[in-house]
Structures are given as C-alpha cells and as structure tokens.
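Quick notes on the structure that follows.
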Amino acid sequence: MKTQKPKQWADREVQQLSKLARAGAGVSKIAAELGRHAGSVRRMARTIGILLKK
C-alpha cells in the first residue's frame, strides 16, 4: 500500500491556524476546524513559531 503525500498548507490555512491559536483554541479544535490531523497542526505551528495549548 502506498503512503499518501502530505497535503500542502494553503496560505489561508496558515492564517486561520495563527488566528485560532491567538484566540486560545487548542490543537484538537484547530485540527477539526482545518480538517487536518493534530500532528500536522502541531508541526505547522512549530514551523511558523506559534505555541499551542494542549
């Protein structure tokens, strides 16, 4: 079975991630809003320098 390539992050998704994080949303809520896995959200937040709530 082939593994899927990670889906690229659109600029609007990164902006939404940043906005939700500033509003105090946790990883699970952000992941649900963006339709992404929690690990993917954590990875992108770390990449752009944002600290997330658990």
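Residues are referred to by chain and number: the chain letter is A, B, ... according to the order shown in the structure tokens, the number counts from 1 in that chain, and ligands are numbered separately from 1 in the order shown.
The residue set within 12 Å of Arg43 of chain A, counting only C-alpha atoms and dropping same-chain residues fewer than 5 places from it, reads Pro6, Trp9, Val14, Leu17, Val27, Ala31, Arg36, His37, Ala38, Ile48, Gly49, Ile50, Leu51 and Leu52 of chain A.
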Keeping only N, CA, C and O atoms, write the selected residues as an mmCIF file, in the first residue's frame.
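What landed in out.cif:
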data_model
loop_
_atom_site.group_PDB
_atom_site.id
_atom_site.type_symbol
_atom_site.label_atom_id
_atom_site.label_comp_id
_atom_site.auth_asym_id
_atom_site.auth_seq_id
_atom_site.Cartn_x
_atom_site.Cartn_y
_atom_site.Cartn_z
ATOM 1 N N PRO A 6 1.873 14.256 2.101
ATOM 2 C CA PRO A 6 1.208 15.251 2.947
ATOM 3 C C PRO A 6 0.577 16.360 2.101
ATOM 4 O O PRO A 6 1.147 16.774 1.101
ATOM 5 N N TRP A 9 -0.011 23.100 2.782
ATOM 6 C CA TRP A 9 -0.769 24.084 3.535
ATOM 7 C C TRP A 9 -0.988 25.311 2.669
ATOM 8 O O TRP A 9 -0.040 25.885 2.149
ATOM 9 N N VAL A 14 -2.806 28.600 6.993
ATOM 10 C CA VAL A 14 -1.788 29.064 7.941
ATOM 11 C C VAL A 14 -2.309 30.282 8.698
ATOM 12 O O VAL A 14 -2.139 30.390 9.914
ATOM 13 N N LEU A 17 -4.852 29.073 11.185
ATOM 14 C CA LEU A 17 -4.148 28.440 12.302
ATOM 15 C C LEU A 17 -3.651 29.507 13.268
ATOM 16 O O LEU A 17 -3.862 29.415 14.481
ATOM 17 N N VAL A 27 -5.200 22.393 20.182
ATOM 18 C CA VAL A 27 -4.806 21.648 18.987
ATOM 19 C C VAL A 27 -5.998 20.901 18.379
ATOM 20 O O VAL A 27 -6.199 20.936 17.164
ATOM 21 N N ALA A 31 -7.403 21.545 14.650
ATOM 22 C CA ALA A 31 -7.358 20.443 13.696
ATOM 23 C C ALA A 31 -8.745 20.182 13.099
ATOM 24 O O ALA A 31 -8.888 19.985 11.886
ATOM 25 N N ARG A 36 -7.552 18.836 9.468
ATOM 26 C CA ARG A 36 -6.186 18.301 9.481
ATOM 27 C C ARG A 36 -5.991 17.438 10.717
ATOM 28 O O ARG A 36 -6.744 17.520 11.681
ATOM 29 N N HIS A 37 -4.940 16.611 10.683
ATOM 30 C CA HIS A 37 -4.575 15.817 11.852
ATOM 31 C C HIS A 37 -3.901 16.722 12.876
ATOM 32 O O HIS A 37 -3.238 17.702 12.512
ATOM 33 N N ALA A 38 -4.053 16.384 14.152
ATOM 34 C CA ALA A 38 -3.462 17.182 15.225
ATOM 35 C C ALA A 38 -1.943 17.280 15.066
ATOM 36 O O ALA A 38 -1.356 18.349 15.285
ATOM 37 N N ILE A 48 6.077 27.729 12.019
ATOM 38 C CA ILE A 48 5.885 29.182 11.904
ATOM 39 C C ILE A 48 6.073 29.906 13.236
ATOM 40 O O ILE A 48 5.880 31.109 13.323
ATOM 41 N N GLY A 49 6.464 29.150 14.286
ATOM 42 C CA GLY A 49 6.810 29.779 15.555
ATOM 43 C C GLY A 49 5.656 30.123 16.462
ATOM 44 O O GLY A 49 5.710 31.123 17.179
ATOM 45 N N ILE A 50 4.601 29.317 16.433
ATOM 46 C CA ILE A 50 3.437 29.562 17.278
ATOM 47 C C ILE A 50 3.368 28.495 18.368
ATOM 48 O O ILE A 50 3.547 27.310 18.091
ATOM 49 N N LEU A 51 3.096 28.922 19.596
ATOM 50 C CA LEU A 51 2.885 27.981 20.699
ATOM 51 C C LEU A 51 1.392 27.681 20.796
ATOM 52 O O LEU A 51 0.573 28.598 20.742
ATOM 53 N N LEU A 52 1.072 26.410 20.937
ATOM 54 C CA LEU A 52 -0.333 25.999 21.032
ATOM 55 C C LEU A 52 -0.658 25.454 22.406
ATOM 56 O O LEU A 52 0.195 24.871 23.071
#
Using only C-alpha atoms, determine which residues lie at most 10 Å from Ala21 of chain A, disregarding the query and same-chain residues fewer than 2 positions distant; provide the list as a count of residues only. 17
Enumerate the residues of chain A with a DSSP assignment of helix (DSSP H, G or I), computed from the backbone, and present them as a CSV table (one decimal) with all heavy atoms, in the first residue's frame.
chain,number,residue,atom,x,y,z
A,11,ASP,N,-2.0,29.3,2.2
A,11,ASP,CA,-1.8,30.5,3.0
A,11,ASP,C,-3.0,30.8,3.9
A,11,ASP,O,-2.8,31.2,5.0
A,11,ASP,CB,-1.5,31.7,2.1
A,11,ASP,CG,-0.2,31.6,1.4
A,11,ASP,OD1,0.7,30.9,1.8
A,11,ASP,OD2,0.0,32.3,0.4
A,12,ARG,N,-4.2,30.6,3.4
A,12,ARG,CA,-5.3,30.9,4.2
A,12,ARG,C,-5.4,29.9,5.4
A,12,ARG,O,-5.9,30.3,6.5
A,12,ARG,CB,-6.6,30.8,3.4
A,12,ARG,CG,-7.0,29.5,2.8
A,12,ARG,CD,-8.3,29.5,2.1
A,12,ARG,NE,-8.5,28.2,1.5
A,12,ARG,CZ,-8.9,27.1,2.1
A,12,ARG,NH1,-9.0,27.2,3.4
A,12,ARG,NH2,-9.0,26.0,1.5
A,13,GLU,N,-5.0,28.7,5.2
A,13,GLU,CA,-5.0,27.7,6.3
A,13,GLU,C,-4.0,28.1,7.4
A,13,GLU,O,-4.3,28.0,8.6
A,13,GLU,CB,-4.6,26.3,5.9
A,13,GLU,CG,-5.7,25.6,5.0
A,13,GLU,CD,-5.3,24.3,4.6
A,13,GLU,OE1,-4.2,24.2,3.9
A,13,GLU,OE2,-6.0,23.3,4.9
A,14,VAL,N,-2.8,28.6,7.0
A,14,VAL,CA,-1.8,29.1,7.9
A,14,VAL,C,-2.3,30.3,8.7
A,14,VAL,O,-2.1,30.4,9.9
A,14,VAL,CB,-0.5,29.4,7.2
A,14,VAL,CG1,0.6,30.0,8.2
A,14,VAL,CG2,0.1,28.1,6.6
A,15,GLN,N,-3.0,31.2,8.0
A,15,GLN,CA,-3.5,32.4,8.6
A,15,GLN,C,-4.6,32.0,9.6
A,15,GLN,O,-4.7,32.5,10.7
A,15,GLN,CB,-4.1,33.3,7.6
A,15,GLN,CG,-3.1,34.0,6.7
A,15,GLN,CD,-3.7,34.7,5.6
A,15,GLN,OE1,-4.8,34.7,5.3
A,15,GLN,NE2,-2.8,35.5,4.9
A,16,GLN,N,-5.4,31.0,9.3
A,16,GLN,CA,-6.5,30.5,10.1
A,16,GLN,C,-5.9,29.9,11.4
A,16,GLN,O,-6.4,30.1,12.5
A,16,GLN,CB,-7.4,29.5,9.4
A,16,GLN,CG,-8.6,29.1,10.2
A,16,GLN,CD,-9.7,30.2,10.3
A,16,GLN,OE1,-9.6,31.3,9.9
A,16,GLN,NE2,-10.7,29.8,11.1
A,17,LEU,N,-4.9,29.1,11.2
A,17,LEU,CA,-4.1,28.4,12.3
A,17,LEU,C,-3.7,29.5,13.3
A,17,LEU,O,-3.9,29.4,14.5
A,17,LEU,CB,-3.0,27.6,11.8
A,17,LEU,CG,-1.9,27.2,12.8
A,17,LEU,CD1,-2.5,26.3,13.9
A,17,LEU,CD2,-0.8,26.4,12.1
A,18,SER,N,-3.0,30.5,12.7
A,18,SER,CA,-2.5,31.6,13.6
A,18,SER,C,-3.6,32.3,14.3
A,18,SER,O,-3.5,32.6,15.5
A,18,SER,CB,-1.7,32.6,12.7
A,18,SER,OG,-1.2,33.6,13.4
A,19,LYS,N,-4.7,32.6,13.6
A,19,LYS,CA,-5.8,33.3,14.2
A,19,LYS,C,-6.5,32.5,15.4
A,19,LYS,O,-6.7,33.0,16.5
A,19,LYS,CB,-6.9,33.6,13.2
A,19,LYS,CG,-8.2,34.2,13.6
A,19,LYS,CD,-9.1,34.4,12.5
A,19,LYS,CE,-10.5,34.7,13.0
A,19,LYS,NZ,-11.5,34.7,12.0
A,20,LEU,N,-6.7,31.2,15.1
A,20,LEU,CA,-7.2,30.3,16.1
A,20,LEU,C,-6.3,30.2,17.4
A,20,LEU,O,-6.8,30.1,18.5
A,20,LEU,CB,-7.6,28.9,15.5
A,20,LEU,CG,-8.8,28.9,14.6
A,20,LEU,CD1,-8.8,27.6,13.8
A,20,LEU,CD2,-10.1,29.2,15.3
A,21,ALA,N,-5.0,30.1,17.1
A,21,ALA,CA,-4.1,29.9,18.2
A,21,ALA,C,-4.1,31.2,19.1
A,21,ALA,O,-4.0,31.1,20.3
A,21,ALA,CB,-2.7,29.7,17.6
A,22,ARG,N,-4.1,32.4,18.4
A,22,ARG,CA,-4.2,33.6,19.2
A,22,ARG,C,-5.4,33.7,20.0
A,22,ARG,O,-5.4,34.4,21.1
A,22,ARG,CB,-4.1,34.8,18.2
A,22,ARG,CG,-2.7,35.1,17.7
A,22,ARG,CD,-2.6,36.5,17.1
A,22,ARG,NE,-3.6,36.7,16.1
A,22,ARG,CZ,-3.5,36.5,14.8
A,22,ARG,NH1,-2.4,36.0,14.3
A,22,ARG,NH2,-4.5,36.7,14.0
A,27,VAL,N,-5.2,22.4,20.2
A,27,VAL,CA,-4.8,21.6,19.0
A,27,VAL,C,-6.0,20.9,18.4
A,27,VAL,O,-6.2,20.9,17.2
A,27,VAL,CB,-3.7,20.7,19.3
A,27,VAL,CG1,-3.4,19.8,18.1
A,27,VAL,CG2,-2.4,21.4,19.7
A,28,SER,N,-6.8,20.2,19.2
A,28,SER,CA,-7.9,19.4,18.7
A,28,SER,C,-8.9,20.3,18.0
A,28,SER,O,-9.4,20.0,16.9
A,28,SER,CB,-8.6,18.7,19.8
A,28,SER,OG,-7.7,17.8,20.4
A,29,LYS,N,-9.2,21.5,18.5
A,29,LYS,CA,-10.2,22.4,17.9
A,29,LYS,C,-9.7,22.9,16.6
A,29,LYS,O,-10.4,23.0,15.6
A,29,LYS,CB,-10.5,23.5,18.9
A,29,LYS,CG,-11.3,24.7,18.2
A,29,LYS,CD,-12.4,25.1,19.1
A,29,LYS,CE,-13.2,26.3,18.5
A,29,LYS,NZ,-14.1,26.0,17.4
A,30,ILE,N,-8.4,23.3,16.6
A,30,ILE,CA,-7.8,23.8,15.3
A,30,ILE,C,-7.8,22.8,14.3
A,30,ILE,O,-8.1,23.0,13.1
A,30,ILE,CB,-6.4,24.4,15.6
A,30,ILE,CG1,-6.4,25.6,16.5
A,30,ILE,CG2,-5.7,24.7,14.3
A,30,ILE,CD1,-5.1,26.1,17.0
A,31,ALA,N,-7.4,21.5,14.6
A,31,ALA,CA,-7.4,20.4,13.7
A,31,ALA,C,-8.7,20.2,13.1
A,31,ALA,O,-8.9,20.0,11.9
A,31,ALA,CB,-6.8,19.2,14.4
A,32,ALA,N,-9.8,20.2,13.9
A,32,ALA,CA,-11.1,20.0,13.5
A,32,ALA,C,-11.6,21.1,12.5
A,32,ALA,O,-12.2,20.8,11.5
A,32,ALA,CB,-12.1,19.9,14.6
A,33,GLU,N,-11.3,22.3,12.9
A,33,GLU,CA,-11.6,23.5,12.0
A,33,GLU,C,-11.0,23.4,10.6
A,33,GLU,O,-11.6,23.8,9.6
A,33,GLU,CB,-11.2,24.8,12.7
A,33,GLU,CG,-12.0,25.2,13.9
A,33,GLU,CD,-13.3,25.9,13.5
A,33,GLU,OE1,-13.3,26.6,12.5
A,33,GLU,OE2,-14.3,25.7,14.2
A,34,LEU,N,-9.7,23.0,10.6
A,34,LEU,CA,-8.9,23.0,9.4
A,34,LEU,C,-9.1,21.6,8.6
A,34,LEU,O,-8.6,21.5,7.5
A,34,LEU,CB,-7.5,23.3,9.6
A,34,LEU,CG,-7.2,24.6,10.2
A,34,LEU,CD1,-5.7,24.7,10.6
A,34,LEU,CD2,-7.6,25.7,9.3
A,38,ALA,N,-4.1,16.4,14.2
A,38,ALA,CA,-3.5,17.2,15.2
A,38,ALA,C,-1.9,17.3,15.1
A,38,ALA,O,-1.4,18.3,15.3
A,38,ALA,CB,-3.8,16.6,16.6
A,39,GLY,N,-1.3,16.2,14.7
A,39,GLY,CA,0.1,16.2,14.5
A,39,GLY,C,0.6,17.2,13.4
A,39,GLY,O,1.6,17.9,13.5
A,40,SER,N,-0.2,17.3,12.3
A,40,SER,CA,0.1,18.2,11.3
A,40,SER,C,-0.1,19.6,11.7
A,40,SER,O,0.8,20.5,11.4
A,40,SER,CB,-0.9,17.9,10.1
A,40,SER,OG,-0.7,18.8,9.0
A,41,VAL,N,-1.1,19.9,12.5
A,41,VAL,CA,-1.3,21.2,13.1
A,41,VAL,C,-0.1,21.6,14.0
A,41,VAL,O,0.4,22.7,13.9
A,41,VAL,CB,-2.6,21.3,13.9
A,41,VAL,CG1,-2.7,22.6,14.6
A,41,VAL,CG2,-3.8,21.2,12.9
A,42,ARG,N,0.3,20.7,14.9
A,42,ARG,CA,1.4,20.9,15.8
A,42,ARG,C,2.7,21.2,15.0
A,42,ARG,O,3.5,22.1,15.3
A,42,ARG,CB,1.7,19.7,16.7
A,42,ARG,CG,0.7,19.6,17.8
A,42,ARG,CD,1.2,18.6,18.8
A,42,ARG,NE,0.1,18.1,19.5
A,42,ARG,CZ,-0.6,17.0,19.2
A,42,ARG,NH1,-0.3,16.2,18.2
A,42,ARG,NH2,-1.7,16.6,20.0
A,43,ARG,N,2.9,20.4,13.9
A,43,ARG,CA,4.1,20.6,13.1
A,43,ARG,C,4.2,22.0,12.4
A,43,ARG,O,5.2,22.7,12.4
A,43,ARG,CB,4.2,19.5,12.1
A,43,ARG,CG,5.5,19.4,11.4
A,43,ARG,CD,5.6,18.2,10.4
A,43,ARG,NE,5.1,16.9,11.0
A,43,ARG,CZ,4.0,16.3,10.6
A,43,ARG,NH1,3.2,16.8,9.7
A,43,ARG,NH2,3.6,15.2,11.2
A,44,MET,N,3.0,22.4,11.8
A,44,MET,CA,3.0,23.7,11.2
A,44,MET,C,3.1,24.8,12.2
A,44,MET,O,3.8,25.8,11.9
A,44,MET,CB,1.7,23.8,10.4
A,44,MET,CG,1.6,25.1,9.6
A,44,MET,SD,3.0,25.6,8.6
A,44,MET,CE,2.8,24.5,7.2
A,45,ALA,N,2.5,24.7,13.3
A,45,ALA,CA,2.6,25.7,14.3
A,45,ALA,C,4.1,25.9,14.8
A,45,ALA,O,4.6,27.0,14.9
A,45,ALA,CB,1.8,25.4,15.5
A,46,ARG,N,4.8,24.8,14.9
A,46,ARG,CA,6.2,24.8,15.3
A,46,ARG,C,7.0,25.5,14.2
A,46,ARG,O,7.9,26.3,14.4
A,46,ARG,CB,6.7,23.4,15.6
A,46,ARG,CG,8.1,23.4,16.2
A,46,ARG,CD,8.5,22.0,16.6
A,46,ARG,NE,8.1,20.9,15.7
A,46,ARG,CZ,7.3,19.9,16.0
A,46,ARG,NH1,6.8,19.8,17.2
A,46,ARG,NH2,7.1,19.0,15.1
A,47,THR,N,6.7,25.1,12.9
A,47,THR,CA,7.4,25.7,11.8
A,47,THR,C,7.3,27.2,11.7
A,47,THR,O,8.2,27.9,11.4
A,47,THR,CB,6.9,25.1,10.5
A,47,THR,OG1,7.1,23.7,10.5
A,47,THR,CG2,7.5,25.6,9.3
A,48,ILE,N,6.1,27.7,12.0
A,48,ILE,CA,5.9,29.2,11.9
A,48,ILE,C,6.1,29.9,13.2
A,48,ILE,O,5.9,31.1,13.3
A,48,ILE,CB,4.5,29.5,11.3
A,48,ILE,CG1,3.4,29.0,12.1
A,48,ILE,CG2,4.4,29.0,9.9
A,48,ILE,CD1,2.0,29.4,11.6
